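Engineer: Please find one structure pasted underneath; my questions will follow.
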Amino acid sequence: MSTTHNETLSQGRLLLMSSAVSATAANLYYNQPILPNIGAELGLTGGQLGVVPAAGQIGYAAALLFLSPLGDTLPRKRLIAILSVLLVLSSLVAFSSSGFIALVIACFIIGLSANITQQLIPFAASLSTPENKGRVIGTLMTGLTVGILLSRTLSGFVGEQFGWRAVFLMSACIATLFGVLLTVFLPTNTPTIKIPYFKLVASMATLFKQHATLRTSAFTGALWFASFNALWATLALHVSESPFHYNAQQAGLFGVIALAGVIGAKVSGSLVSRFGSRNMISMALVIIAIGFVISGLFADTLLGLIAGIILIDLGVFSAQVSNQVRVFSIDPQA
């Protein structure tokens, strides 16, 4: 797919890339614990607040469709640098937002810029040898999971201590740091594919039509990740009211509980070859359903929420890893 001027993936470079994946993915979830704070200052309704995290996810989805393919035809290092600048600027816009529209647009562009993660993962895979590719991808996916889960704890603390705007300022500073480090230490790859952009994007539709397993994986993955985000986008609002009355920092601490997802990703990765992707996903979906039943029946008790969150995150990330194994085994050339 590309050449990297005989560069290899050292331990230091792998650590940098997995840390950057973690830090970048976190931007999609920073806003969730601080939603009550944002609503209080800007005078937003619950419905408007729901649009804020949704805008980031929609931006991320749009980037998967329209920006990720560029990594096959442009040097990934250059693309990552451009996305880093965009992430810094959009975070600063969110920091200075005085109204609903500006904040939503900024969050959409933040989600778009978070495509850095989907450039780093295949970049690292291209730099690894066949023997250590599994370990490399596993390391990066662990970084992704940690970024998703601990982002809420970090933003909850910063938001409570320094205000919700400080969360976006922190995001801009972290994006600047990793943007500089990645520009300095990543090798320059030279893609060998010369497919026009629109033809490259259209090729995804061909794959989707051709492979029934891909369609199944896409739809089921969309559904369980939608349920995952439905939980986390509303949790801070729920626990800010009676009977909890938690602040943003306390709401963010639920992210520590959600680290069960890291265990799910690790365990699923090691068991999927033994039990098969389909069986692992089926078990994971049962766990997710039980988690929602518990969190629904005992939504006003701390233990009920904790038990539900642990099961939901454990199931979601178990299913996610198994689903990726299923997809990547369809057609390695694609």
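Labeling convention for the structure tokens: chains A, B, ... as they appear, residues from 1 per chain, ligands from 1 in order of appearance.
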Per residue of range 69-132 of chain A within 10 Å of range 33-41 of chain A, record the nearest atom pair and its distance in Å to one decimal, counting only C-alpha atoms, with rows in chain order and ascending residue number, as JSON lines.
Structural biologist:
```
{"residue": "A:Ser98", "atom": "CA", "partner": "A:Glu41", "partner_atom": "CA", "distance": 9.2}
{"residue": "A:Gly99", "atom": "CA", "partner": "A:Glu41", "partner_atom": "CA", "distance": 9.7}
{"residue": "A:Phe100", "atom": "CA", "partner": "A:Gly39", "partner_atom": "CA", "distance": 9.4}
{"residue": "A:Leu103", "atom": "CA", "partner": "A:Ile38", "partner_atom": "CA", "distance": 9.9}
```
Engineer: Could you write out the selected residues, including N, CA, C and O atoms, as a short mmCIF file (atom, residue, chain, number, x, y, z; two decimals), in the first residue's frame?
Structural biologist:
```cif
data_model
loop_
_atom_site.label_atom_id
_atom_site.label_comp_id
_atom_site.auth_asym_id
_atom_site.auth_seq_id
_atom_site.Cartn_x
_atom_site.Cartn_y
_atom_site.Cartn_z
N SER A 98 -20.03 31.36 22.67
CA SER A 98 -20.99 32.07 23.52
C SER A 98 -22.42 31.66 23.23
O SER A 98 -23.35 32.19 23.82
N GLY A 99 -22.60 30.73 22.29
CA GLY A 99 -23.95 30.29 21.94
C GLY A 99 -23.99 28.86 21.46
O GLY A 99 -22.95 28.22 21.23
N PHE A 100 -25.20 28.36 21.29
CA PHE A 100 -25.43 26.96 20.95
C PHE A 100 -24.87 26.60 19.58
O PHE A 100 -24.18 25.58 19.45
N LEU A 103 -21.02 26.36 19.37
CA LEU A 103 -20.51 25.20 20.12
C LEU A 103 -20.75 23.91 19.34
O LEU A 103 -19.87 23.04 19.28
#
```
Engineer: Calculated over only C-alpha atoms, which of the candidates A:Val239, A:Ala202, A:Ala289, A:Leu169 has the smallest distance to Ser155 in chain A?
Structural biologist: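 For Ser155 in chain A, the nearest of the given residues is A:Leu169.
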Engineer: Please provide the set of residues having any atom within 8 Å of range 110-112 of chain A, restricted to only C-alpha atoms, with same-chain residues fewer than 5 positions apart removed, written as an NGL selection string.
Structural biologist: :A and (27-28 or 55-63 or 86-87 or 90-91)
Engineer: Do you have the CA of Ser68 in chain A-CA of Ile116 in chain A distance handy?
Structural biologist: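 Computed distance, CA of Ser68 in chain A to CA of Ile116 in chain A, equals 8.9 Å.
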Engineer: Which residues, written as a PyMOL selection string, have at least one atom at most 8 Å from Leu149 in chain A, with only C-alpha atoms counted and residues fewer than 6 positions away on the same chain left out?
Structural biologist: chain A and resi 26+255-256+258-259+261
Engineer: Now that the selection is made, can you save its residues with N, CA, C and O atoms as an mmCIF file, in the first residue's frame?
Structural biologist:
```cif
data_model
loop_
_atom_site.group_PDB
_atom_site.id
_atom_site.type_symbol
_atom_site.label_atom_id
_atom_site.label_comp_id
_atom_site.auth_asym_id
_atom_site.auth_seq_id
_atom_site.Cartn_x
_atom_site.Cartn_y
_atom_site.Cartn_z
ATOM 1 N N ALA A 26 -10.128 10.870 23.088
ATOM 2 C CA ALA A 26 -10.738 11.494 24.262
ATOM 3 C C ALA A 26 -11.561 12.722 23.900
ATOM 4 O O ALA A 26 -12.543 13.056 24.581
ATOM 5 N N GLY A 255 -16.144 7.207 34.716
ATOM 6 C CA GLY A 255 -15.222 6.745 33.681
ATOM 7 C C GLY A 255 -14.207 5.745 34.211
ATOM 8 O O GLY A 255 -13.740 4.866 33.470
ATOM 9 N N VAL A 256 -13.838 5.877 35.491
ATOM 10 C CA VAL A 256 -12.907 4.914 36.099
ATOM 11 C C VAL A 256 -13.570 3.549 36.185
ATOM 12 O O VAL A 256 -12.954 2.513 35.903
ATOM 13 N N ALA A 258 -15.777 2.468 34.241
ATOM 14 C CA ALA A 258 -15.921 1.959 32.885
ATOM 15 C C ALA A 258 -14.648 1.337 32.331
ATOM 16 O O ALA A 258 -14.657 0.794 31.225
ATOM 17 N N LEU A 259 -13.558 1.394 33.086
ATOM 18 C CA LEU A 259 -12.325 0.743 32.628
ATOM 19 C C LEU A 259 -12.493 -0.769 32.489
ATOM 20 O O LEU A 259 -11.606 -1.450 31.982
ATOM 21 N N GLY A 261 -14.147 -1.906 30.377
ATOM 22 C CA GLY A 261 -14.078 -2.069 28.926
ATOM 23 C C GLY A 261 -12.711 -2.494 28.445
ATOM 24 O O GLY A 261 -12.586 -3.216 27.449
#
```
Engineer: Using only C-alpha atoms, find the one residue out of A:Ile263, A:Ile309, A:Ala54, A:Ala299 that sits nearest to Val321 in chain A.
Structural biologist: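 Nearest candidate to Val321 in chain A out of A:Ile263, A:Ile309, A:Ala54, A:Ala299: A:Ile263.
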Engineer: Please measure the separation of CA of Glu160 in chain A and CA of Gln250 in chain A, giving the value in Å to one decimal.
Structural biologist: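 Result for CA of Glu160 in chain A versus CA of Gln250 in chain A: 8.8 Å, one decimal.
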Engineer: Would you list, as JSON, numbers by chain, the residues of range 49-229 of chain A that end up in helix (DSSP H, G or I) under DSSP run on this structure's backbone?
Structural biologist: {"A": [49, 50, 51, 52, 53, 54, 55, 56, 57, 58, 59, 60, 61, 62, 63, 64, 65, 66, 68, 69, 70, 71, 72, 76, 77, 78, 79, 80, 81, 82, 83, 84, 85, 86, 87, 88, 89, 90, 91, 92, 93, 94, 95, 100, 101, 102, 103, 104, 105, 106, 107, 108, 109, 110, 111, 112, 113, 116, 117, 118, 119, 120, 121, 122, 123, 124, 125, 126, 127, 133, 134, 135, 136, 137, 138, 139, 140, 141, 142, 143, 144, 145, 146, 147, 148, 149, 150, 151, 152, 153, 154, 155, 156, 157, 158, 159, 160, 161, 162, 164, 165, 166, 167, 168, 169, 170, 171, 172, 173, 174, 175, 176, 177, 178, 179, 180, 181, 182, 183, 184, 185, 197, 198, 199, 200, 201, 202, 203, 204, 205, 206, 207, 208, 209, 210, 212, 213, 214, 215, 216, 217, 218, 219, 220, 221, 222, 223, 224, 225, 226, 227, 228, 229]}
Engineer: Write the residues of the preceding selection, restricted to C-alpha atoms, as a short mmCIF file (atom, residue, chain, number, x, y, z; two decimals), in the first residue's frame.
Structural biologist:
```cif
data_model
loop_
_atom_site.label_atom_id
_atom_site.label_comp_id
_atom_site.auth_asym_id
_atom_site.auth_seq_id
_atom_site.Cartn_x
_atom_site.Cartn_y
_atom_site.Cartn_z
CA LEU A 49 -27.50 19.63 25.21
CA GLY A 50 -28.04 16.26 23.57
CA VAL A 51 -26.99 17.75 20.23
CA VAL A 52 -23.55 18.74 21.60
CA PRO A 53 -22.09 15.22 22.03
CA ALA A 54 -24.05 14.02 18.97
CA ALA A 55 -22.32 16.66 16.81
CA GLY A 56 -18.91 15.24 17.71
CA GLN A 57 -19.97 11.69 16.89
CA ILE A 58 -21.54 12.78 13.58
CA GLY A 59 -18.31 14.61 12.70
CA TYR A 60 -16.30 11.51 13.52
CA ALA A 61 -18.58 9.35 11.35
CA ALA A 62 -18.30 11.81 8.46
CA ALA A 63 -14.51 11.68 8.76
CA LEU A 64 -14.55 7.88 8.64
CA LEU A 65 -16.40 8.05 5.35
CA PHE A 66 -14.73 11.00 3.68
CA SER A 68 -10.07 8.07 6.23
CA PRO A 69 -9.71 7.02 2.56
CA LEU A 70 -7.29 9.91 2.00
CA GLY A 71 -4.73 7.98 4.04
CA ASP A 72 -4.41 5.56 1.12
CA ARG A 76 -0.36 9.99 6.52
CA LYS A 77 2.14 12.20 8.35
CA ARG A 78 0.98 15.24 6.36
CA LEU A 79 -2.68 14.34 6.86
CA ILE A 80 -2.19 13.92 10.61
CA ALA A 81 -0.48 17.34 10.79
CA ILE A 82 -3.42 19.01 9.01
CA LEU A 83 -5.96 17.29 11.27
CA SER A 84 -3.95 18.31 14.36
CA VAL A 85 -4.12 21.98 13.36
CA LEU A 86 -7.86 21.62 12.73
CA LEU A 87 -8.33 19.98 16.16
CA VAL A 88 -6.50 22.80 17.94
CA LEU A 89 -8.50 25.51 16.15
CA SER A 90 -11.88 23.85 16.69
CA SER A 91 -11.11 23.29 20.39
CA LEU A 92 -10.30 26.99 20.74
CA VAL A 93 -13.60 27.87 19.02
CA ALA A 94 -15.46 25.65 21.51
CA PHE A 95 -13.52 27.32 24.35
CA PHE A 100 -25.43 26.96 20.95
CA ILE A 101 -24.73 27.07 17.20
CA ALA A 102 -21.03 27.96 17.55
CA LEU A 103 -20.51 25.20 20.12
CA VAL A 104 -22.25 22.55 17.97
CA ILE A 105 -20.20 23.50 14.89
CA ALA A 106 -16.99 23.41 16.93
CA CYS A 107 -17.85 19.96 18.34
CA PHE A 108 -18.62 18.69 14.83
CA ILE A 109 -15.18 19.81 13.60
CA ILE A 110 -13.54 18.33 16.72
CA GLY A 111 -15.13 15.00 15.78
CA LEU A 112 -13.93 15.43 12.21
CA SER A 113 -10.38 16.15 13.41
CA ILE A 116 -6.22 11.26 13.55
CA THR A 117 -6.87 7.98 15.37
CA GLN A 118 -7.97 6.28 12.14
CA GLN A 119 -4.81 7.45 10.41
CA LEU A 120 -2.45 6.33 13.17
CA ILE A 121 -3.81 2.77 13.51
CA PRO A 122 -3.27 1.70 9.86
CA PHE A 123 -0.01 3.71 9.80
CA ALA A 124 1.32 1.69 12.72
CA ALA A 125 0.15 -1.54 11.09
CA SER A 126 2.09 -0.66 7.93
CA LEU A 127 5.25 -0.07 9.98
CA LYS A 133 1.17 -6.81 13.91
CA GLY A 134 -1.34 -8.30 16.34
CA ARG A 135 0.53 -6.91 19.34
CA VAL A 136 0.83 -3.50 17.71
CA ILE A 137 -2.88 -3.27 16.87
CA GLY A 138 -3.75 -4.53 20.36
CA THR A 139 -1.60 -1.82 21.94
CA LEU A 140 -3.21 0.91 19.86
CA MET A 141 -6.74 -0.38 20.57
CA THR A 142 -5.95 -0.41 24.28
CA GLY A 143 -4.90 3.23 23.97
CA LEU A 144 -8.15 3.97 22.15
CA THR A 145 -10.20 2.29 24.86
CA VAL A 146 -8.38 4.10 27.68
CA GLY A 147 -8.86 7.42 25.90
CA ILE A 148 -12.60 6.83 25.50
CA LEU A 149 -13.09 5.79 29.13
CA LEU A 150 -10.78 8.07 31.13
CA SER A 151 -11.65 11.18 29.09
CA ARG A 152 -14.78 11.65 31.19
CA THR A 153 -12.89 11.45 34.47
CA LEU A 154 -10.33 14.02 33.31
CA SER A 155 -12.86 16.45 31.85
CA GLY A 156 -15.12 16.10 34.90
CA PHE A 157 -12.25 17.08 37.20
CA VAL A 158 -11.05 19.99 35.04
CA GLY A 159 -14.60 21.21 34.43
CA GLU A 160 -15.48 21.23 38.12
CA GLN A 161 -12.24 22.89 39.23
CA PHE A 162 -11.75 25.42 36.43
CA TRP A 164 -16.23 23.84 31.34
CA ARG A 165 -14.34 26.15 28.99
CA ALA A 166 -11.05 25.01 30.53
CA VAL A 167 -11.77 21.49 29.23
CA PHE A 168 -11.63 22.70 25.62
CA LEU A 169 -8.54 24.81 26.35
CA MET A 170 -6.89 21.70 27.78
CA SER A 171 -7.90 19.82 24.64
CA ALA A 172 -6.24 22.45 22.44
CA CYS A 173 -3.01 22.26 24.47
CA ILE A 174 -2.87 18.46 24.35
CA ALA A 175 -3.61 18.46 20.60
CA THR A 176 -0.80 20.98 20.06
CA LEU A 177 1.66 18.84 22.02
CA PHE A 178 0.89 15.62 20.17
CA GLY A 179 0.68 17.40 16.82
CA VAL A 180 4.26 18.62 17.27
CA LEU A 181 5.53 15.26 18.53
CA LEU A 182 3.92 13.32 15.68
CA THR A 183 5.26 15.77 13.10
CA VAL A 184 8.78 15.41 14.49
CA PHE A 185 8.93 11.66 15.14
CA TYR A 197 -10.58 10.55 -4.37
CA PHE A 198 -14.21 10.10 -5.40
CA LYS A 199 -13.51 6.66 -6.84
CA LEU A 200 -11.75 5.74 -3.59
CA VAL A 201 -14.78 6.78 -1.52
CA ALA A 202 -17.15 4.99 -3.92
CA SER A 203 -15.16 1.76 -3.51
CA MET A 204 -16.47 1.48 0.06
CA ALA A 205 -20.01 1.14 -1.28
CA THR A 206 -18.84 -1.67 -3.54
CA LEU A 207 -17.36 -3.54 -0.58
CA PHE A 208 -20.53 -2.95 1.44
CA LYS A 209 -22.67 -4.37 -1.35
CA GLN A 210 -20.35 -7.30 -2.00
CA ALA A 212 -22.98 -9.63 3.62
CA THR A 213 -20.77 -10.10 6.71
CA LEU A 214 -19.58 -6.52 6.39
CA ARG A 215 -23.17 -5.26 6.29
CA THR A 216 -24.08 -7.31 9.36
CA SER A 217 -21.00 -6.10 11.23
CA ALA A 218 -21.68 -2.46 10.34
CA PHE A 219 -25.35 -2.49 11.39
CA THR A 220 -24.86 -4.43 14.63
CA GLY A 221 -21.82 -2.34 15.55
CA ALA A 222 -23.83 0.84 14.93
CA LEU A 223 -26.60 -0.36 17.24
CA TRP A 224 -24.50 -1.36 20.23
CA PHE A 225 -22.32 1.74 19.99
CA ALA A 226 -25.46 3.91 19.74
CA SER A 227 -26.70 2.35 22.98
CA PHE A 228 -23.26 2.90 24.54
CA ASN A 229 -23.36 6.60 23.66
#
```
Engineer: Restricting the calculation to only C-alpha atoms: of A:Asn31, A:Met17, A:Gly43, A:Asn189, which residue gets closest to Gly163 in chain A?
Structural biologist: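 Of the candidates, the smallest distance to Gly163 in chain A is held by A:Asn31.
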